[in-house]
Amino acid sequence: MAITMGTPGADGLSEAVGVLREWQYDGAPMQLHPGDLGWFWRFSAEATAAAVRTWSRDGRILAIGLLDGPELLRLTTAPDARRDEELARQLADDVTEPERGVLGAGTASVEVPRSALVHDLLVEGGWDAGEPWTPLRRDLTEPVQDPGVRIEVIGPERAHVRTAVQRASFDGSTFTDEHWHAMAAGLPYADARCLVAHDDLGNAVAAVTVWSAGPGKPGLVEPMGVHRNHRGHGYGRAITVAAAAALQELGSSSAVVYTPSANVGAVATYRSAGFQRRQEMRDLCRAA
């Protein structure tokens, strides 16, 4: 059977999310997570569907990609299809040739597990390594310590608190209350939580969203931020510990996160919260 590429449509996102959940396991390379789709869902289900690509053979999805912007494809495959030559060649052709409808001409990046054959084919085709990213993981089989600050679980009536901290944590953030409600209405958010940390005066000082992939599977921390007016007081560590505890309550076996290696402060924060560094990873980039 030939491999076919498709875009699921909003009504087909549930299958893509379900497949991504199945593909998560401890020890897997850092890869596209259902929480990545969940975070993108803030732009609406329709926008998320338009950004997703699936590759299938004989009715089975073998690879899923998320266009996390017009020049970045985040791609992963079924664990047993990492070295499938037919799939790898199809993926390489589809992401390289603009007329295929994945990435346009010019500058582009692909995030794909290094162990996947398509990674090798893209390198052979002239794609170069991009900036380094540091994945980190925390095992959740042991109890998680108290974060030491008051943690609020955010519901719809308090969405404005979560979005305000996000905008105060990331320059240029456009995360609005409407975005939060769209995200919370998405399928992946059924296994997710938004948390906000408060200081002794009641100020909202840090926030995080965590995404479970189901019991016994790694959960994702995405995103985490500390209010720019409250940095340097350990709130990043506190909200990250709270994130680990929330994922543990959701049944996750571990918590994973990744950040640019150049962001040494973020790496240090995650490590202080009990996360261990894993092998550095790099996107593959094509120059204009």
# chains A, B, ... in the order shown; residues from 1 in each chain; ligands from 1
>>> select_by_dssp(residues="stretch 61-160 of chain A", states="strand (DSSP E or B)", output="MDAnalysis selection string")
chainID A and resid 61:67 72:77 108:111 128:139 150:153
>>> write_last_selection(atoms="C-alpha atoms", output="CSV table (one decimal), in the first residue's frame")
chain,number,residue,atom,x,y,z
A,61,ILE,CA,-1.0,6.6,10.8
A,62,LEU,CA,2.8,6.2,10.7
A,63,ALA,CA,3.9,9.8,11.2
A,64,ILE,CA,2.4,13.1,12.4
A,65,GLY,CA,3.7,16.6,11.9
A,66,LEU,CA,2.7,19.9,13.4
A,67,LEU,CA,3.5,23.1,11.5
A,72,LEU,CA,9.0,24.9,11.4
A,73,LEU,CA,7.6,21.3,11.1
A,74,ARG,CA,7.7,19.3,14.3
A,75,LEU,CA,7.6,15.7,13.2
A,76,THR,CA,7.6,12.2,14.8
A,77,THR,CA,6.8,8.7,13.7
A,108,ALA,CA,12.8,26.0,6.9
A,109,SER,CA,13.4,23.8,10.0
A,110,VAL,CA,12.3,20.2,10.9
A,111,GLU,CA,12.3,18.8,14.4
A,128,ASP,CA,22.2,21.4,8.5
A,129,ALA,CA,22.0,21.2,12.3
A,130,GLY,CA,20.3,24.2,13.9
A,131,GLU,CA,20.6,25.6,17.4
A,132,PRO,CA,20.9,23.2,20.3
A,133,TRP,CA,18.0,22.4,22.6
A,134,THR,CA,18.3,20.7,26.0
A,135,PRO,CA,15.6,18.1,26.9
A,136,LEU,CA,15.1,17.4,30.6
A,137,ARG,CA,13.2,14.6,32.4
A,138,ARG,CA,12.0,14.0,36.0
A,139,ASP,CA,11.0,10.6,37.2
A,150,ARG,CA,0.5,28.6,47.2
A,151,ILE,CA,-0.5,26.9,44.0
A,152,GLU,CA,-3.8,27.7,42.3
A,153,VAL,CA,-5.4,25.3,39.7
>>> select_by_dssp(residues="stretch 168-205 of chain A", states="helix (DSSP H, G or I)", output="VMD selection string")
chain A and resid 168 to 169 177 to 184 187 to 191
>>> closest_residue(among="A:Thr48, A:Gln145, A:Pro223, A:His181", to="A:Ala238", atoms="only C-alpha atoms")
A:Gln145
>>> residues_around(residues="A:Trp180", least_positions_apart="2", cutoff="9 Å", atoms="only C-alpha atoms", output="PDB file with N, CA and C atoms, in the first residue's frame")
ATOM      1  N   ARG A  42      -4.832  26.711  21.231  1.00  0.00           N
ATOM      2  CA  ARG A  42      -5.278  28.041  21.648  1.00  0.00           C
ATOM      3  C   ARG A  42      -5.684  28.898  20.459  1.00  0.00           C
ATOM      4  N   PRO A 156     -12.036  28.099  34.341  1.00  0.00           N
ATOM      5  CA  PRO A 156     -12.475  29.122  33.385  1.00  0.00           C
ATOM      6  C   PRO A 156     -12.656  30.508  33.993  1.00  0.00           C
ATOM      7  N   ALA A 159      -9.214  32.323  34.247  1.00  0.00           N
ATOM      8  CA  ALA A 159      -8.335  32.269  33.083  1.00  0.00           C
ATOM      9  C   ALA A 159      -7.529  33.543  32.932  1.00  0.00           C
ATOM     10  N   HIS A 160      -8.121  34.681  33.304  1.00  0.00           N
ATOM     11  CA  HIS A 160      -7.429  35.959  33.135  1.00  0.00           C
ATOM     12  C   HIS A 160      -6.140  36.032  33.967  1.00  0.00           C
ATOM     13  N   ARG A 162      -4.140  33.407  34.636  1.00  0.00           N
ATOM     14  CA  ARG A 162      -3.153  32.584  33.899  1.00  0.00           C
ATOM     15  C   ARG A 162      -2.614  33.332  32.679  1.00  0.00           C
ATOM     16  N   THR A 163      -3.478  33.957  31.918  1.00  0.00           N
ATOM     17  CA  THR A 163      -3.032  34.622  30.699  1.00  0.00           C
ATOM     18  C   THR A 163      -2.188  35.855  31.019  1.00  0.00           C
ATOM     19  N   PHE A 175      -1.007  35.626  24.336  1.00  0.00           N
ATOM     20  CA  PHE A 175      -1.938  34.701  24.984  1.00  0.00           C
ATOM     21  C   PHE A 175      -3.053  35.490  25.678  1.00  0.00           C
ATOM     22  N   THR A 176      -4.255  35.369  25.165  1.00  0.00           N
ATOM     23  CA  THR A 176      -5.409  36.103  25.679  1.00  0.00           C
ATOM     24  C   THR A 176      -6.364  35.160  26.392  1.00  0.00           C
ATOM     25  N   ASP A 177      -7.364  35.734  27.055  1.00  0.00           N
ATOM     26  CA  ASP A 177      -8.392  34.909  27.693  1.00  0.00           C
ATOM     27  C   ASP A 177      -9.101  34.047  26.655  1.00  0.00           C
ATOM     28  N   GLU A 178      -9.354  34.606  25.478  1.00  0.00           N
ATOM     29  CA  GLU A 178     -10.007  33.841  24.414  1.00  0.00           C
ATOM     30  C   GLU A 178      -9.152  32.649  23.997  1.00  0.00           C
ATOM     31  N   ALA A 182     -10.165  28.642  24.232  1.00  0.00           N
ATOM     32  CA  ALA A 182     -10.062  27.757  23.067  1.00  0.00           C
ATOM     33  C   ALA A 182      -9.194  26.552  23.391  1.00  0.00           C
ATOM     34  N   MET A 183      -8.071  26.787  24.068  1.00  0.00           N
ATOM     35  CA  MET A 183      -7.173  25.701  24.467  1.00  0.00           C
ATOM     36  C   MET A 183      -7.883  24.723  25.405  1.00  0.00           C
ATOM     37  N   ALA A 184      -8.585  25.265  26.387  1.00  0.00           N
ATOM     38  CA  ALA A 184      -9.246  24.424  27.387  1.00  0.00           C
ATOM     39  C   ALA A 184     -10.390  23.619  26.790  1.00  0.00           C
ATOM     40  N   ALA A 185     -10.918  24.059  25.659  1.00  0.00           N
ATOM     41  CA  ALA A 185     -11.992  23.314  24.990  1.00  0.00           C
ATOM     42  C   ALA A 185     -11.449  22.193  24.115  1.00  0.00           C
TER      43      ALA A 185
END
>>> residues_around(residues="A:Gly6", least_positions_apart="2", cutoff="7 Å", atoms="only C-alpha atoms", output="ChimeraX atom specification")
/A:4,8,53-55
>>> write_last_selection(atoms="C-alpha atoms", output="CSV table (one decimal), in the first residue's frame")
chain,number,residue,atom,x,y,z
A,4,THR,CA,-0.6,9.0,1.8
A,8,PRO,CA,-7.2,15.6,9.4
A,53,ARG,CA,-0.1,16.6,8.7
A,54,THR,CA,-0.4,12.8,8.9
A,55,TRP,CA,1.2,10.1,6.9
>>> residues_around(residues="stretch 203-214 of chain A", least_positions_apart="6", cutoff="9 Å", atoms="only C-alpha atoms", output="ChimeraX atom specification")
/A:18,20-22,24,33-36,38-39,161-166,169,188-197,220-231,235-236,238-240,242-244,246-247,250-252,255
>>> write_last_selection(atoms="C-alpha atoms", output="short mmCIF file (atom, residue, chain, number, x, y, z; two decimals), in the first residue's frame")
data_model
loop_
_atom_site.label_atom_id
_atom_site.label_comp_id
_atom_site.auth_asym_id
_atom_site.auth_seq_id
_atom_site.Cartn_x
_atom_site.Cartn_y
_atom_site.Cartn_z
CA GLY A 18 -4.92 9.45 20.31
CA LEU A 20 0.38 10.59 19.67
CA ARG A 21 -0.63 9.39 23.13
CA GLU A 22 0.09 5.80 22.12
CA GLN A 24 4.77 8.25 24.15
CA HIS A 33 3.59 15.17 22.28
CA PRO A 34 -0.20 15.47 22.40
CA GLY A 35 0.39 18.46 24.66
CA ASP A 36 2.09 20.23 21.76
CA GLY A 38 -3.00 21.03 22.98
CA TRP A 39 -0.95 24.21 23.37
CA VAL A 161 -4.90 35.30 35.92
CA ARG A 162 -3.15 32.58 33.90
CA THR A 163 -3.03 34.62 30.70
CA ALA A 164 -1.74 37.75 32.47
CA VAL A 165 1.22 35.84 33.93
CA GLN A 166 1.98 34.36 30.51
CA SER A 169 6.66 36.17 31.36
CA PRO A 188 -5.80 17.27 24.92
CA TYR A 189 -6.83 19.60 27.75
CA ALA A 190 -8.98 16.85 29.26
CA ASP A 191 -5.63 15.53 30.56
CA ALA A 192 -4.05 18.89 31.33
CA ARG A 193 -3.85 21.50 34.10
CA CYS A 194 -2.94 25.18 34.32
CA LEU A 195 -1.27 26.22 37.57
CA VAL A 196 -0.38 29.64 38.97
CA ALA A 197 1.98 30.27 41.89
CA LEU A 220 4.82 17.45 29.09
CA VAL A 221 5.54 20.81 30.73
CA GLU A 222 4.64 23.48 28.14
CA PRO A 223 4.86 26.38 28.76
CA MET A 224 6.34 27.60 32.07
CA GLY A 225 7.05 31.22 32.84
CA VAL A 226 7.87 33.58 35.71
CA HIS A 227 6.47 37.11 35.86
CA ARG A 228 9.22 39.56 34.87
CA ASN A 229 8.62 41.57 38.06
CA HIS A 230 9.09 38.58 40.35
CA ARG A 231 12.20 36.82 39.07
CA TYR A 235 9.34 30.92 41.82
CA GLY A 236 10.46 29.16 38.64
CA ALA A 238 8.44 26.26 42.76
CA ILE A 239 6.05 26.24 39.81
CA THR A 240 8.11 23.52 38.10
CA ALA A 242 4.16 21.97 41.27
CA ALA A 243 4.01 20.96 37.60
CA ALA A 244 5.70 17.64 38.40
CA ALA A 246 0.27 17.79 38.98
CA LEU A 247 1.50 15.35 36.35
CA LEU A 250 -2.67 12.76 36.51
CA GLY A 251 -0.85 9.42 36.44
CA SER A 252 2.19 10.39 34.40
CA ALA A 255 7.69 14.83 33.33
#
>>> residues_around(residues="A:Ala116", least_positions_apart="3", cutoff="8 Å", atoms="only C-alpha atoms", output="MDAnalysis selection string")
chainID A and resid 77 82:83 88 112:113 119:120
>>> write_last_selection(atoms="C-alpha atoms", output="tab-separated table (two decimals), in the first residue's frame")
chain	number	residue	atom	x	y	z
A	77	THR	CA	6.84	8.65	13.71
A	82	ARG	CA	11.50	4.99	12.76
A	83	ARG	CA	13.64	3.13	10.18
A	88	ALA	CA	11.36	8.01	5.44
A	112	VAL	CA	12.51	15.03	14.16
A	113	PRO	CA	14.00	12.31	16.40
A	119	HIS	CA	16.67	12.54	9.84
A	120	ASP	CA	19.53	10.80	8.03
>>> closest_residue(among="A:Asp26, A:Gly125, A:Thr259, A:Met1", to="A:Gly59", atoms="only C-alpha atoms")
A:Met1
>>> atom_distance(atom1="atom CA of A:Asp84", atom2="atom CA of A:Glu71")
25.3 Å
>>> atom_distance(atom1="atom CA of A:Gly106", atom2="atom CA of A:Met5")
21.6 Å
>>> atom_distance(atom1="atom CA of A:Ile154", atom2="atom CA of A:Glu249")
15.6 Å
>>> closest_residue(among="A:Pro143, A:Pro70, A:Gly202, A:Gly234", to="A:Ser272", atoms="only C-alpha atoms")
A:Gly234
>>> closest_residue(among="A:Lys217, A:Val256, A:Ala105, A:Phe275", to="A:Ala287", atoms="only C-alpha atoms")
A:Ala105
